[in-house]
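Enquirer: Below is my_file-v3.cif; it holds mmCIF, C-alpha atoms and all ligand atoms.
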data_work
loop_
_atom_site.label_atom_id
_atom_site.label_comp_id
_atom_site.auth_asym_id
_atom_site.auth_seq_id
_atom_site.Cartn_x
_atom_site.Cartn_y
_atom_site.Cartn_z
CA MET D 1 18.18 -96.07 105.85
CA GLY D 2 18.03 -94.97 102.21
CA HIS D 3 18.18 -97.01 99.00
CA LEU D 4 20.58 -96.86 96.10
CA PHE D 5 18.60 -95.99 92.93
CA LEU D 6 19.55 -96.55 89.33
CA VAL D 7 20.35 -93.18 87.84
CA LYS D 8 19.89 -92.50 84.15
CA ASN D 9 20.48 -89.14 82.47
CA GLY D 10 20.58 -87.45 85.86
CA SER D 11 17.08 -88.62 86.93
CA SER D 12 16.53 -91.62 89.18
CA LEU D 13 14.37 -94.52 88.06
CA GLU D 14 11.53 -95.87 90.19
CA LYS D 15 13.06 -99.26 91.05
CA PRO D 16 15.74 -99.38 93.78
CA ILE D 17 18.73 -101.69 93.23
CA SER D 18 18.44 -104.80 95.42
CA ILE D 19 20.91 -105.19 98.30
CA GLU D 20 22.59 -108.17 96.51
CA TRP D 21 23.21 -106.03 93.47
CA GLN D 22 24.51 -103.20 95.62
CA ILE D 23 27.02 -105.59 97.22
CA TYR D 24 27.97 -107.00 93.82
CA LEU D 25 28.37 -103.52 92.34
CA GLY D 26 30.37 -102.35 95.35
CA LYS D 27 32.74 -105.36 95.12
CA TYR D 28 33.15 -104.81 91.39
CA LEU D 29 33.96 -101.12 91.81
CA ILE D 30 36.43 -101.72 94.63
CA LEU D 31 38.20 -104.44 92.61
CA THR D 32 38.34 -102.24 89.51
CA PHE D 33 39.63 -99.40 91.65
CA PHE D 34 42.50 -101.46 93.05
CA LYS D 35 43.32 -102.92 89.63
CA GLN D 36 43.56 -99.40 88.21
CA ILE D 37 45.74 -98.24 91.09
CA ILE D 38 48.09 -101.22 90.71
CA GLU D 39 48.33 -100.55 86.97
CA LEU D 40 49.06 -96.87 87.55
CA ILE D 41 51.59 -97.18 90.34
CA LYS D 42 53.51 -99.78 88.39
CA ILE D 43 56.94 -98.28 88.19
CA ARG D 44 57.83 -97.89 84.54
CA GLN D 45 61.36 -98.08 83.26
CA MET D 46 62.02 -95.21 80.93
CA ILE D 47 64.91 -94.41 78.63
CA LEU D 48 66.00 -90.84 78.13
CA PHE D 49 67.68 -90.21 74.78
CA LEU D 50 69.78 -87.17 73.91
CA LEU D 51 71.01 -85.45 70.77
CA VAL D 52 73.57 -82.67 71.11
CA SER D 53 74.64 -81.62 67.64
CA PRO D 54 73.11 -81.22 64.16
CA GLU D 55 76.00 -83.30 62.79
CA GLU D 56 74.58 -86.29 64.65
CA ILE D 57 71.23 -86.11 62.81
CA ASN D 58 70.83 -88.77 60.14
CA SER D 59 68.63 -88.03 57.15
CA ILE D 60 65.88 -90.62 56.76
CA HIS D 61 64.17 -91.94 53.67
CA ILE D 62 60.46 -92.77 53.98
CA THR D 63 59.79 -95.98 52.07
CA ILE D 64 56.46 -94.84 50.57
CA PRO D 65 55.49 -91.54 48.87
CA ALA D 66 54.97 -89.12 51.74
CA GLU D 67 56.01 -85.66 52.80
CA VAL D 68 56.70 -83.99 56.11
CA CYS D 69 55.85 -80.39 56.90
CA GLU D 70 55.75 -78.01 59.84
CA ILE D 71 52.46 -77.57 61.69
CA ASN D 72 51.16 -74.01 61.53
CA SER D 73 47.92 -72.13 62.12
CA SER D 74 46.58 -72.96 58.65
CA ASN D 75 47.07 -76.76 58.80
CA VAL D 76 46.76 -77.36 62.56
CA ASP D 77 43.20 -78.76 62.39
CA LYS D 78 44.23 -81.37 59.79
CA VAL D 79 45.09 -83.63 62.74
CA ARG D 80 41.43 -84.64 62.43
CA ASP D 81 42.38 -86.49 59.20
CA PHE D 82 43.33 -89.49 61.28
CA ARG D 83 42.63 -88.69 64.92
CA ASP D 84 39.12 -87.67 65.85
CA ASP D 85 40.05 -88.25 69.51
CA ILE D 86 42.16 -85.09 69.47
CA ASP D 87 40.68 -81.65 69.76
CA PRO D 88 42.62 -79.42 67.30
CA GLN D 89 42.48 -76.84 70.09
CA LYS D 90 45.11 -78.92 71.89
CA PHE D 91 47.48 -78.49 68.94
CA GLU D 92 46.59 -74.78 68.68
CA ASN D 93 47.57 -74.43 72.33
CA PHE D 94 50.91 -76.10 71.61
CA LEU D 95 51.48 -73.56 68.82
CA LYS D 96 50.51 -70.68 71.11
CA LYS D 97 53.05 -71.66 73.72
CA GLY D 98 55.80 -71.90 71.11
CA ASP D 99 56.03 -75.65 70.57
CA VAL D 100 57.20 -76.77 67.13
CA GLY D 101 55.24 -79.55 65.43
CA ILE D 102 55.61 -81.73 62.35
CA TYR D 103 53.00 -83.57 60.28
CA ALA D 104 53.56 -86.49 57.92
CA ILE D 105 51.23 -86.32 54.92
CA ILE D 106 50.19 -89.06 52.50
CA ASP D 107 47.65 -88.36 49.73
CA SER D 108 46.94 -84.94 51.32
CA LYS D 109 45.98 -86.57 54.60
CA VAL D 110 47.86 -86.30 57.91
CA VAL D 111 49.13 -89.75 58.95
CA GLY D 112 51.49 -88.80 61.76
CA HIS D 113 52.58 -86.00 64.07
CA LEU D 114 55.12 -85.10 66.69
CA TRP D 115 55.95 -82.03 68.76
CA ALA D 116 58.83 -80.39 70.57
CA PHE D 117 58.64 -78.20 73.63
CA ILE D 118 61.47 -75.66 73.84
CA CYS D 119 62.53 -74.33 77.23
CA ARG D 120 63.00 -70.56 77.05
CA GLU D 121 63.30 -70.08 80.82
CA LYS D 122 66.32 -70.73 83.01
CA SER D 123 65.20 -74.32 83.58
CA ILE D 124 62.01 -76.34 83.83
CA ARG D 125 61.04 -79.78 85.16
CA ILE D 126 58.92 -81.93 82.83
CA ASP D 127 56.37 -84.27 84.46
CA GLY D 128 58.53 -84.13 87.59
CA PHE D 129 60.80 -86.36 85.57
CA ILE D 130 63.56 -84.53 83.73
CA LYS D 131 64.95 -81.07 84.15
CA ILE D 132 65.82 -79.15 81.00
CA SER D 133 67.58 -75.82 80.72
CA LYS D 134 67.22 -72.78 78.51
CA ASN D 135 67.36 -73.58 74.77
CA GLU D 136 66.93 -77.29 75.32
CA ALA D 137 63.95 -79.16 73.89
CA VAL D 138 61.88 -82.24 74.66
CA ILE D 139 60.06 -84.19 71.97
CA HIS D 140 56.49 -85.16 72.83
CA PHE D 141 53.21 -86.44 71.44
CA ALA D 142 54.50 -88.64 68.59
CA THR D 143 52.16 -90.95 66.73
CA VAL D 144 51.99 -92.57 63.30
CA TYR D 145 48.73 -93.94 61.93
CA GLU D 146 48.86 -97.74 62.43
CA LYS D 147 48.44 -98.55 58.75
CA TYR D 148 51.65 -96.64 57.88
CA ARG D 149 53.95 -97.84 60.67
CA GLY D 150 57.31 -99.44 59.88
CA LYS D 151 57.91 -97.16 56.87
CA ASN D 152 60.31 -94.69 58.49
CA ILE D 153 57.67 -92.00 58.89
CA TYR D 154 58.44 -91.36 62.55
CA PRO D 155 62.23 -91.11 62.18
CA SER D 156 61.76 -88.90 59.13
CA MET D 157 59.50 -86.49 61.06
CA LEU D 158 61.95 -86.60 63.96
CA SER D 159 64.97 -85.92 61.77
CA THR D 160 63.19 -82.95 60.12
CA LEU D 161 62.11 -81.59 63.50
CA CYS D 162 65.58 -81.94 65.04
CA ASN D 163 67.19 -80.11 62.11
CA LYS D 164 64.62 -77.33 62.44
CA LEU D 165 65.15 -77.04 66.20
CA MET D 166 68.95 -76.95 66.02
CA LEU D 167 69.46 -74.96 62.83
CA GLU D 168 66.54 -72.49 63.02
CA LYS D 169 65.38 -72.28 66.65
CA GLY D 170 68.69 -72.12 68.50
CA VAL D 171 68.14 -75.39 70.37
CA GLN D 172 71.32 -76.94 71.75
CA LYS D 173 70.13 -80.24 73.20
CA ILE D 174 67.12 -82.40 72.35
CA TYR D 175 65.71 -85.05 74.69
CA ILE D 176 63.20 -87.84 74.09
CA ILE D 177 61.77 -90.06 76.80
CA THR D 178 60.33 -93.43 75.92
CA ASP D 179 59.25 -96.57 77.72
CA LYS D 180 61.94 -99.26 77.68
CA ASP D 181 59.37 -101.70 76.21
CA ASN D 182 58.41 -99.42 73.31
CA ILE D 183 60.69 -101.11 70.78
CA SER D 184 59.20 -99.33 67.72
CA SER D 185 59.81 -95.97 69.31
CA ILE D 186 63.35 -96.86 70.41
CA LYS D 187 64.23 -98.09 66.91
CA GLY D 188 62.87 -94.91 65.30
CA ILE D 189 64.76 -92.69 67.77
CA GLU D 190 68.06 -94.52 67.28
CA LYS D 191 67.77 -94.32 63.48
CA VAL D 192 67.89 -90.52 63.75
CA GLY D 193 71.10 -90.58 65.80
CA PHE D 194 69.91 -90.11 69.40
CA LYS D 195 72.06 -91.79 72.06
CA ILE D 196 70.91 -93.23 75.39
CA TYR D 197 71.55 -90.62 78.07
CA GLN D 198 69.93 -92.13 81.16
CA LYS D 199 67.68 -94.99 82.23
CA LYS D 200 65.16 -93.88 84.81
CA LEU D 201 62.29 -95.22 86.86
CA TYR D 202 59.02 -93.34 86.59
CA LEU D 203 56.09 -93.38 89.02
CA PRO D 204 53.13 -91.47 87.59
CA ILE D 205 51.87 -90.11 90.95
CA TYR D 206 49.62 -87.46 89.42
CA LYS D 207 47.59 -90.15 87.60
CA VAL D 208 47.10 -92.08 90.85
CA VAL D 209 45.81 -88.94 92.58
CA LYS D 210 43.41 -88.34 89.67
CA VAL D 211 41.95 -91.87 89.85
CA ILE D 212 41.59 -91.77 93.65
CA ASP D 213 39.82 -88.41 93.33
CA SER D 214 37.32 -89.61 90.69
CA VAL D 215 36.55 -92.88 92.53
CA LEU D 216 36.04 -91.09 95.84
CA SER D 217 33.73 -88.57 94.11
CA PHE D 218 31.72 -91.49 92.71
CA PHE D 219 31.27 -93.09 96.14
CA VAL D 220 30.36 -89.78 97.74
CA GLN D 221 27.73 -89.26 95.00
CA CYS D 222 26.32 -92.78 95.61
CA PHE D 223 26.17 -92.06 99.33
CA ILE D 224 24.34 -88.77 98.76
CA ASN D 225 21.87 -90.49 96.39
CA SER D 226 21.14 -93.17 98.99
CA LEU D 227 20.20 -90.67 101.73
C1 LIG Z 1 56.57 -95.41 67.77
C2 LIG Z 1 56.00 -95.04 66.40
C3 LIG Z 1 55.77 -93.51 66.38
C4 LIG Z 1 57.02 -95.45 65.34
O1 LIG Z 1 56.59 -94.98 64.07
P1 LIG Z 1 57.05 -95.64 62.68
O2 LIG Z 1 56.83 -94.62 61.63
O3 LIG Z 1 56.41 -96.95 62.50
O4 LIG Z 1 58.62 -95.86 62.94
P2 LIG Z 1 59.60 -96.76 62.03
O5 LIG Z 1 59.11 -96.82 60.64
O6 LIG Z 1 60.99 -96.27 62.29
O7 LIG Z 1 59.48 -98.21 62.65
C5 LIG Z 1 60.12 -98.50 63.87
C6 LIG Z 1 59.99 -99.98 64.17
O8 LIG Z 1 58.63 -100.36 64.32
C7 LIG Z 1 58.53 -101.76 63.97
N1 LIG Z 1 57.49 -101.96 62.93
C8 LIG Z 1 57.64 -102.29 61.65
N2 LIG Z 1 56.46 -102.42 61.04
C9 LIG Z 1 55.54 -102.18 61.96
C10 LIG Z 1 54.12 -102.16 61.93
N3 LIG Z 1 53.44 -102.43 60.83
N4 LIG Z 1 53.48 -101.84 63.08
C11 LIG Z 1 54.15 -101.55 64.20
N5 LIG Z 1 55.52 -101.54 64.28
C12 LIG Z 1 56.19 -101.86 63.17
C13 LIG Z 1 59.85 -102.19 63.43
O9 LIG Z 1 60.55 -102.82 64.48
C14 LIG Z 1 60.50 -100.87 63.07
O10 LIG Z 1 61.89 -100.92 63.11
P3 LIG Z 1 62.72 -101.33 61.76
O11 LIG Z 1 62.37 -100.29 60.74
O12 LIG Z 1 64.13 -101.27 62.22
O13 LIG Z 1 62.27 -102.69 61.35
C15 LIG Z 1 54.66 -95.77 66.12
O14 LIG Z 1 54.85 -97.13 66.31
C16 LIG Z 1 53.51 -95.28 67.01
O15 LIG Z 1 52.80 -94.34 66.65
N6 LIG Z 1 53.35 -95.90 68.17
C17 LIG Z 1 52.30 -95.50 69.14
C18 LIG Z 1 52.63 -94.21 69.86
C19 LIG Z 1 54.01 -94.21 70.45
O16 LIG Z 1 54.47 -95.18 71.01
N7 LIG Z 1 54.70 -93.06 70.32
C20 LIG Z 1 56.08 -92.88 70.73
C21 LIG Z 1 56.19 -92.30 72.06
S1 LIG Z 1 57.88 -91.89 72.42
#
Would you encode the structure as structure tokens?
Ligand SMILES: CC(C)(COP(=O)(O)OP(=O)(O)OC[C@H]1O[C@@H](n2cnc3c(N)ncnc32)[C@H](O)[C@@H]1OP(=O)(O)O)[C@@H](O)C(=O)NCCC(=O)NCCS
Expert:
Amino acid sequence: MGHLFLVKNGSSLEKPISIEWQIYLGKYLILTFFKQIIELIKIRQMILFLLVSPEEINSIHITIPAEVCEINSSNVDKVRDFRDDIDPQKFENFLKKGDVGIYAIIDSKVVGHLWAFICREKSIRIDGFIKISKNEAVIHFATVYEKYRGKNIYPSMLSTLCNKLMLEKGVQKIYIITDKDNISSIKGIEKVGFKIYQKKLYLPIYKVVKVIDSVLSFFVQCFINSL
């Protein structure tokens, strides 16, 4: 029978892990695994909001000096101003596939962003969750830097984006999905004029599959190492 070895930087160390530690580690990993699964399969209640006409869009006043502008190829990498966890390539890809994005800027620094995906095909299903048709849009990836929250930055970006989508891009309906517990998001959305369209339950199956896959890979790797 083989031993489980500590592995560091791809090379195994001399000392094998004792059987007690292997049991402890195994229990810990199995518990963590189940905790993660329970967290992920928790059915979330989502609210789907809808806006159907430019007349419904309220104009919003940001309560501190700030401006909002469209994201384009020359400012796309400014997302790094406040989010170093995002690869600007992700935003470039959004631009390439025709998404429309908005930045909020304070003192020349990006402090918030949001995006819209426009359906140009007959219809498309988003996240297996909602089906949108040609010339309808879904808002996604909205964040405001924590320090500047509660100052109307999000609704202002959203209002600007919705006007752009409906008046310049031929969009007829705009949807936003948010978690029913995300009060800040719901308040921002309602300020702009969106109305509740549907309440839905959401089970993020694809995330569960991803976690099961990575945990199984880990155990298989441990088993191979112990041979
Ligand atoms: C949701 C989010 C984008 C809202 O941005 P925002 O610019 O703060 O929006 P608003 O200024 O309209 O504030 C909305 C509500 O947040 C709450 N709020 C106020 N100050 C706040 C603060 N300092 N921090 C957090 N929330 C605050 C208030 O309830 C406010 O409503 P009110 O203006 O009626 O009092 C922002 O909270 C965020 O980035 N959250 C994390 C990501 C997220 O949830 N994205 C939305 C996915 S749909």
Enquirer: Out of D:Tyr145, D:Trp21, D:Trp115, D:Tyr103, which residue has the shortest atom-to-atom distance to ligand LIG 1 (chain Z) when counting all atoms listed in the file?
Expert: D:Tyr145
Enquirer: Extract, using all atoms listed in the file, all DNA, RNA and protein residues at most 7 Å from stretch 43-57 of chain D, discarding same-chain residues fewer than 2 positions from it, and format them as a PyMOL selection string.
Expert: chain D and resi 41+59+159+163+166+172-180+192-203
Enquirer: Report the distance between atom CA of D:Arg83 and atom C16 of ligand LIG 1 (chain Z) in Å, rounded to one decimal place.
Expert: 12.9 Å
Enquirer: Compute the set of protein, DNA and RNA residues whose minimum atom distance to ligand LIG 1 (chain Z) is at most 7 Å, using all atoms listed in the file, and state it as a list in words.
Expert: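 I would give the residues around ligand LIG 1 (chain Z) as His140, Phe141, Ala142, Thr143, Val144, Tyr145, Glu146, Lys147, Tyr148, Arg149, Gly150, Lys151, Asn152, Ile153, Tyr154, Pro155, Ile176, Ile177, Thr178, Asn182, Ile183, Ser184, Ser185, Lys187 and Gly188 of chain D.
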Enquirer: Between atom CA of D:Val211 and atom CA of D:Leu31, what distance in Å does the model show, to one decimal?
Expert: 13.4 Å
